[in-house]
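Since the structure comes first, as structure tokens, the remarks are kept for the end.
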Amino acid sequence: QVQLVESGGGLVQAGGSLRLSCAGSVPLFRFNDMGWYRQAPGKQRELVARITLGGSTNYADSVKGRFTISRDNAKNTMYLQMNSLKPEDTAVYYCNAQDIIRPQTNYWGQGTQVTVSS
């Protein structure tokens, strides 16, 4: 049973920082691409950042230069370091992982709320 559990969300003032964690119940080498998505009220879920098994990354234009995605395969955990947070970053953040054997299979965490006050 594959589970992803996010943590690290909370309330922060604009300009502040948070680090989100996504802990996997299985070793991360089970996954090819992993990523963070977010969904604000009334909006569609959008990609924030992705990282491959080899460590290549890509980011949404809105977070480039402020957010950093990483994965620690030894700790079975993926991270999202968020700096210079803005009110428009307020959303529920979800981690996602693509099964390396069955690429059509994606796993999702339950989400963690990030609220940035102005």
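Quick note on naming: the chains in the structure tokens go A, B, ... in the order shown, residues restart at 1 in each chain, and ligands are numbered from 1 in order of appearance.
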
Could you pull the residues within 10 Å of Pro103 (chain A), counting only C-alpha atoms, minus those fewer than 6 positions along the same chain, as a PDB file with C-alpha atoms, in the first residue's frame?
```
ATOM      1  CA  PHE A  31       8.703   6.551  -8.182  1.00  0.00           C
ATOM      2  CA  ASN A  32       9.919   8.215 -11.335  1.00  0.00           C
ATOM      3  CA  ASP A  33       8.663  11.807 -11.339  1.00  0.00           C
ATOM      4  CA  ALA A  97       4.342  10.500  -7.293  1.00  0.00           C
TER       5      ALA A  97
END
```

Report the residues of chain A whose backbone DSSP state falls under helix (DSSP H, G or I), written as a PyMOL selection string. chain A and resi 28-30+73-75+87-89

Minimum-distance residue to Ser7 (chain A), chosen among A:Lys86, A:Arg19, A:Arg45, A:Arg50 (using only C-alpha atoms): A:Arg19

For Asn83 (chain A), which residue out of A:Ile101, A:Val63, A:Ala49, A:Leu4 is the nearest one, using only C-alpha atoms? A:Val63

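Residues surrounding Ser62 (chain A) within 12 Å are Glu46, Leu47, Val48, Ala49, Met82, Ser84, Leu85, Lys86, Glu88 and Asp89 of chain A [only C-alpha atoms; sequence separation below 6 positions excluded].
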
Store the residues of this selection in a file with all heavy atoms, as a PDB file, in the first residue's frame.
```
ATOM      1  N   GLU A  46      -2.903  23.070  -9.744  1.00  0.00           N
ATOM      2  CA  GLU A  46      -1.834  23.431 -10.670  1.00  0.00           C
ATOM      3  C   GLU A  46      -0.494  22.878 -10.194  1.00  0.00           C
ATOM      4  O   GLU A  46      -0.260  22.716  -9.002  1.00  0.00           O
ATOM      5  CB  GLU A  46      -1.738  24.958 -10.811  1.00  0.00           C
ATOM      6  CG  GLU A  46      -1.358  25.688  -9.538  1.00  0.00           C
ATOM      7  CD  GLU A  46      -1.157  27.187  -9.741  1.00  0.00           C
ATOM      8  OE1 GLU A  46      -1.304  27.685 -10.866  1.00  0.00           O
ATOM      9  OE2 GLU A  46      -0.826  27.862  -8.745  1.00  0.00           O
ATOM     10  N   LEU A  47       0.365  22.640 -11.171  1.00  0.00           N
ATOM     11  CA  LEU A  47       1.704  22.162 -10.869  1.00  0.00           C
ATOM     12  C   LEU A  47       2.537  23.293 -10.268  1.00  0.00           C
ATOM     13  O   LEU A  47       2.548  24.410 -10.779  1.00  0.00           O
ATOM     14  CB  LEU A  47       2.383  21.665 -12.141  1.00  0.00           C
ATOM     15  CG  LEU A  47       3.855  21.295 -12.028  1.00  0.00           C
ATOM     16  CD1 LEU A  47       4.034  20.060 -11.158  1.00  0.00           C
ATOM     17  CD2 LEU A  47       4.459  21.066 -13.415  1.00  0.00           C
ATOM     18  N   VAL A  48       3.241  22.980  -9.198  1.00  0.00           N
ATOM     19  CA  VAL A  48       4.167  23.932  -8.589  1.00  0.00           C
ATOM     20  C   VAL A  48       5.610  23.593  -8.985  1.00  0.00           C
ATOM     21  O   VAL A  48       6.352  24.441  -9.464  1.00  0.00           O
ATOM     22  CB  VAL A  48       4.038  23.928  -7.059  1.00  0.00           C
ATOM     23  CG1 VAL A  48       5.073  24.842  -6.426  1.00  0.00           C
ATOM     24  CG2 VAL A  48       2.623  24.325  -6.642  1.00  0.00           C
ATOM     25  N   ALA A  49       5.985  22.323  -8.786  1.00  0.00           N
ATOM     26  CA  ALA A  49       7.347  21.903  -9.095  1.00  0.00           C
ATOM     27  C   ALA A  49       7.382  20.394  -9.248  1.00  0.00           C
ATOM     28  O   ALA A  49       6.586  19.692  -8.622  1.00  0.00           O
ATOM     29  CB  ALA A  49       8.314  22.338  -7.986  1.00  0.00           C
ATOM     30  N   MET A  82       9.941  26.783   0.540  1.00  0.00           N
ATOM     31  CA  MET A  82       9.230  27.943  -0.002  1.00  0.00           C
ATOM     32  C   MET A  82       9.707  29.203   0.703  1.00  0.00           C
ATOM     33  O   MET A  82       9.527  29.340   1.922  1.00  0.00           O
ATOM     34  CB  MET A  82       7.714  27.768   0.177  1.00  0.00           C
ATOM     35  CG  MET A  82       7.180  26.473  -0.406  1.00  0.00           C
ATOM     36  SD  MET A  82       5.376  26.369  -0.347  1.00  0.00           S
ATOM     37  CE  MET A  82       5.116  26.302   1.424  1.00  0.00           C
ATOM     38  N   SER A  84      10.184  33.678   0.481  1.00  0.00           N
ATOM     39  CA  SER A  84       9.548  34.902  -0.038  1.00  0.00           C
ATOM     40  C   SER A  84       8.094  34.646  -0.391  1.00  0.00           C
ATOM     41  O   SER A  84       7.616  34.993  -1.478  1.00  0.00           O
ATOM     42  CB  SER A  84      10.309  35.397  -1.279  1.00  0.00           C
ATOM     43  OG  SER A  84      11.662  35.658  -0.966  1.00  0.00           O
ATOM     44  N   LEU A  85       7.385  34.063   0.529  1.00  0.00           N
ATOM     45  CA  LEU A  85       6.004  33.682   0.265  1.00  0.00           C
ATOM     46  C   LEU A  85       5.114  34.901   0.060  1.00  0.00           C
ATOM     47  O   LEU A  85       5.328  35.964   0.672  1.00  0.00           O
ATOM     48  CB  LEU A  85       5.461  32.822   1.405  1.00  0.00           C
ATOM     49  CG  LEU A  85       5.941  31.365   1.360  1.00  0.00           C
ATOM     50  CD1 LEU A  85       5.778  30.699   2.715  1.00  0.00           C
ATOM     51  CD2 LEU A  85       5.181  30.594   0.291  1.00  0.00           C
ATOM     52  N   LYS A  86       4.133  34.740  -0.810  1.00  0.00           N
ATOM     53  CA  LYS A  86       3.186  35.795  -1.161  1.00  0.00           C
ATOM     54  C   LYS A  86       1.774  35.323  -0.835  1.00  0.00           C
ATOM     55  O   LYS A  86       1.504  34.113  -0.817  1.00  0.00           O
ATOM     56  CB  LYS A  86       3.277  36.102  -2.651  1.00  0.00           C
ATOM     57  CG  LYS A  86       4.665  36.477  -3.145  1.00  0.00           C
ATOM     58  CD  LYS A  86       4.675  36.658  -4.655  1.00  0.00           C
ATOM     59  CE  LYS A  86       6.066  37.016  -5.165  1.00  0.00           C
ATOM     60  NZ  LYS A  86       6.073  37.192  -6.641  1.00  0.00           N
ATOM     61  N   GLU A  88      -0.686  35.157  -2.673  1.00  0.00           N
ATOM     62  CA  GLU A  88      -1.199  34.335  -3.776  1.00  0.00           C
ATOM     63  C   GLU A  88      -0.661  32.906  -3.761  1.00  0.00           C
ATOM     64  O   GLU A  88      -1.093  32.070  -4.559  1.00  0.00           O
ATOM     65  CB  GLU A  88      -0.903  34.980  -5.135  1.00  0.00           C
ATOM     66  CG  GLU A  88       0.524  35.406  -5.343  1.00  0.00           C
ATOM     67  CD  GLU A  88       0.767  36.878  -5.027  1.00  0.00           C
ATOM     68  OE1 GLU A  88       0.250  37.369  -4.001  1.00  0.00           O
ATOM     69  OE2 GLU A  88       1.496  37.540  -5.816  1.00  0.00           O
ATOM     70  N   ASP A  89       0.269  32.607  -2.854  1.00  0.00           N
ATOM     71  CA  ASP A  89       0.725  31.225  -2.678  1.00  0.00           C
ATOM     72  C   ASP A  89      -0.212  30.436  -1.766  1.00  0.00           C
ATOM     73  O   ASP A  89      -0.036  29.225  -1.599  1.00  0.00           O
ATOM     74  CB  ASP A  89       2.139  31.202  -2.074  1.00  0.00           C
ATOM     75  CG  ASP A  89       3.186  31.788  -2.996  1.00  0.00           C
ATOM     76  OD1 ASP A  89       3.146  31.496  -4.213  1.00  0.00           O
ATOM     77  OD2 ASP A  89       4.061  32.534  -2.508  1.00  0.00           O
TER      78      ASP A  89
END
```

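Relative to CA of Ile100 (chain A), CA of Thr77 (chain A) is found at 16.3 Å.
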
For CA of Leu80 (chain A) and CA of Thr57 (chain A), determine how far apart the two atoms are, in Å to one decimal place. 11.7 Å

Do a neighbour search on Tyr94 (chain A) at 10 Å with only C-alpha atoms, toss out local chain neighbours closer than 3 positions, and write the hits as a PyMOL selection string. chain A and resi 4-7+20+22+35-39+45-48+91+108-113

In region 22-85 of chain A, DSSP strand (DSSP E) residues written as number ranges by chain: A: 22-24, 31-39, 46-51, 57-59, 67-72, 77-82

Deliver the residues from the most recent selection as a file, using N, CA, C and O atoms, as a compact mmCIF listing (two decimals), in the first residue's frame.
```
# COMPACT_ATOMS: atom_id res chain seq x y z
N CYS A 22 7.05 15.53 2.22
CA CYS A 22 6.16 14.47 1.73
C CYS A 22 6.86 13.15 2.01
O CYS A 22 7.84 12.82 1.33
N ALA A 23 6.36 12.43 2.98
CA ALA A 23 6.98 11.16 3.37
C ALA A 23 6.27 10.01 2.67
O ALA A 23 5.04 9.90 2.71
N GLY A 24 7.07 9.15 2.06
CA GLY A 24 6.51 7.99 1.38
C GLY A 24 6.55 6.75 2.26
O GLY A 24 7.47 6.58 3.06
N PHE A 31 9.35 5.51 -7.42
CA PHE A 31 8.70 6.55 -8.18
C PHE A 31 9.65 7.18 -9.19
O PHE A 31 10.82 7.40 -8.90
N ASN A 32 9.13 7.51 -10.35
CA ASN A 32 9.92 8.22 -11.33
C ASN A 32 9.80 9.71 -11.01
O ASN A 32 10.51 10.24 -10.17
N ASP A 33 8.88 10.40 -11.66
CA ASP A 33 8.66 11.81 -11.34
C ASP A 33 7.89 11.94 -10.02
O ASP A 33 6.98 11.17 -9.74
N MET A 34 8.27 12.93 -9.24
CA MET A 34 7.50 13.33 -8.08
C MET A 34 7.28 14.83 -8.18
O MET A 34 8.05 15.54 -8.84
N GLY A 35 6.22 15.30 -7.53
CA GLY A 35 5.97 16.72 -7.65
C GLY A 35 5.07 17.27 -6.56
O GLY A 35 4.49 16.52 -5.77
N TRP A 36 5.01 18.59 -6.54
CA TRP A 36 4.10 19.32 -5.67
C TRP A 36 3.09 20.06 -6.55
O TRP A 36 3.47 20.71 -7.53
N TYR A 37 1.85 19.96 -6.16
CA TYR A 37 0.76 20.68 -6.80
C TYR A 37 0.06 21.51 -5.73
O TYR A 37 0.21 21.24 -4.54
N ARG A 38 -0.71 22.50 -6.16
CA ARG A 38 -1.49 23.27 -5.20
C ARG A 38 -2.85 23.61 -5.79
O ARG A 38 -3.01 23.69 -7.00
N GLN A 39 -3.80 23.81 -4.89
CA GLN A 39 -5.14 24.18 -5.31
C GLN A 39 -5.68 25.25 -4.37
O GLN A 39 -5.83 25.00 -3.18
N GLU A 46 -2.90 23.07 -9.74
CA GLU A 46 -1.83 23.43 -10.67
C GLU A 46 -0.49 22.88 -10.19
O GLU A 46 -0.26 22.72 -9.00
N LEU A 47 0.36 22.64 -11.17
CA LEU A 47 1.70 22.16 -10.87
C LEU A 47 2.54 23.29 -10.27
O LEU A 47 2.55 24.41 -10.78
N VAL A 48 3.24 22.98 -9.20
CA VAL A 48 4.17 23.93 -8.59
C VAL A 48 5.61 23.59 -8.99
O VAL A 48 6.35 24.44 -9.46
N ALA A 49 5.98 22.32 -8.79
CA ALA A 49 7.35 21.90 -9.09
C ALA A 49 7.38 20.39 -9.25
O ALA A 49 6.59 19.69 -8.62
N ARG A 50 8.31 19.90 -10.06
CA ARG A 50 8.49 18.46 -10.24
C ARG A 50 9.97 18.14 -10.19
O ARG A 50 10.83 18.97 -10.50
N ILE A 51 10.25 16.89 -9.83
CA ILE A 51 11.63 16.41 -9.77
C ILE A 51 11.66 14.97 -10.23
O ILE A 51 10.80 14.17 -9.85
N THR A 57 14.81 19.11 -12.27
CA THR A 57 13.67 19.82 -11.71
C THR A 57 13.05 20.78 -12.73
O THR A 57 13.71 21.22 -13.68
N ASN A 58 11.78 21.06 -12.53
CA ASN A 58 11.15 22.17 -13.25
C ASN A 58 10.11 22.81 -12.34
O ASN A 58 9.58 22.16 -11.44
N TYR A 59 9.88 24.10 -12.59
CA TYR A 59 9.04 24.90 -11.71
C TYR A 59 8.02 25.71 -12.51
O TYR A 59 8.27 26.09 -13.65
N PHE A 67 10.97 28.97 -4.74
CA PHE A 67 10.73 27.62 -4.23
C PHE A 67 11.83 26.68 -4.72
O PHE A 67 12.33 26.82 -5.84
N THR A 68 12.15 25.68 -3.90
CA THR A 68 13.12 24.67 -4.28
C THR A 68 12.58 23.29 -3.91
O THR A 68 12.22 23.06 -2.75
N ILE A 69 12.53 22.41 -4.91
CA ILE A 69 12.08 21.04 -4.68
C ILE A 69 13.30 20.13 -4.55
O ILE A 69 14.32 20.35 -5.23
N SER A 70 13.21 19.15 -3.68
CA SER A 70 14.30 18.19 -3.52
C SER A 70 13.71 16.87 -3.04
O SER A 70 12.57 16.82 -2.57
N ARG A 71 14.50 15.82 -3.19
CA ARG A 71 14.07 14.51 -2.69
C ARG A 71 15.25 13.83 -2.04
O ARG A 71 16.36 13.85 -2.58
N ASP A 72 15.02 13.25 -0.88
CA ASP A 72 16.04 12.51 -0.15
C ASP A 72 15.62 11.05 -0.18
O ASP A 72 14.78 10.62 0.62
N THR A 77 11.70 10.82 1.55
CA THR A 77 10.99 12.08 1.73
C THR A 77 11.34 13.07 0.62
O THR A 77 12.49 13.18 0.21
N MET A 78 10.30 13.76 0.16
CA MET A 78 10.47 14.86 -0.79
C MET A 78 10.15 16.15 -0.06
O MET A 78 9.32 16.15 0.86
N TYR A 79 10.81 17.23 -0.47
CA TYR A 79 10.63 18.51 0.20
C TYR A 79 10.27 19.62 -0.79
O TYR A 79 10.56 19.53 -1.97
N LEU A 80 9.66 20.65 -0.25
CA LEU A 80 9.47 21.89 -1.00
C LEU A 80 9.82 23.04 -0.06
O LEU A 80 9.08 23.32 0.89
N GLN A 81 10.96 23.66 -0.31
CA GLN A 81 11.36 24.84 0.45
C GLN A 81 10.73 26.05 -0.21
O GLN A 81 10.97 26.31 -1.40
N MET A 82 9.94 26.78 0.54
CA MET A 82 9.23 27.94 0.00
C MET A 82 9.71 29.20 0.70
O MET A 82 9.53 29.34 1.92
```

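The protein and nucleic acid residues lying at most 7 Å from region 27-29 of chain A are Gly24, Leu53, Asn73 and Asn76 of chain A, with only C-alpha atoms considered and sequence neighbours fewer than 3 positions away removed.
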
Mind dumping the selected residues with N, CA, C and O atoms as a PDB file, in the first residue's frame?
```pdb
ATOM      1  N   GLY A  24       7.067   9.145   2.061  1.00  0.00           N
ATOM      2  CA  GLY A  24       6.509   7.985   1.378  1.00  0.00           C
ATOM      3  C   GLY A  24       6.550   6.748   2.257  1.00  0.00           C
ATOM      4  O   GLY A  24       7.466   6.582   3.063  1.00  0.00           O
ATOM      5  N   LEU A  53      13.596  11.144 -10.874  1.00  0.00           N
ATOM      6  CA  LEU A  53      14.416  10.243 -10.055  1.00  0.00           C
ATOM      7  C   LEU A  53      15.883  10.655 -10.125  1.00  0.00           C
ATOM      8  O   LEU A  53      16.615  10.535  -9.136  1.00  0.00           O
ATOM      9  N   ASN A  73      16.184  10.318  -1.120  1.00  0.00           N
ATOM     10  CA  ASN A  73      15.755   8.923  -1.287  1.00  0.00           C
ATOM     11  C   ASN A  73      16.083   8.086  -0.055  1.00  0.00           C
ATOM     12  O   ASN A  73      15.377   7.124   0.250  1.00  0.00           O
ATOM     13  N   ASN A  76      13.266   8.605   2.261  1.00  0.00           N
ATOM     14  CA  ASN A  76      11.933   8.397   1.673  1.00  0.00           C
ATOM     15  C   ASN A  76      11.086   9.665   1.740  1.00  0.00           C
ATOM     16  O   ASN A  76       9.857   9.593   1.937  1.00  0.00           O
TER      17      ASN A  76
END
```

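Atom pair CA of Gly9 (chain A) / CA of Val114 (chain A): separated by 4.9 Å.
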
Could you check the closest approach to Gly15 (chain A) for each of A:Gln104, A:Cys95, A:Lys43, A:Pro87 and tell me which residue wins, using only C-alpha atoms? A:Pro87
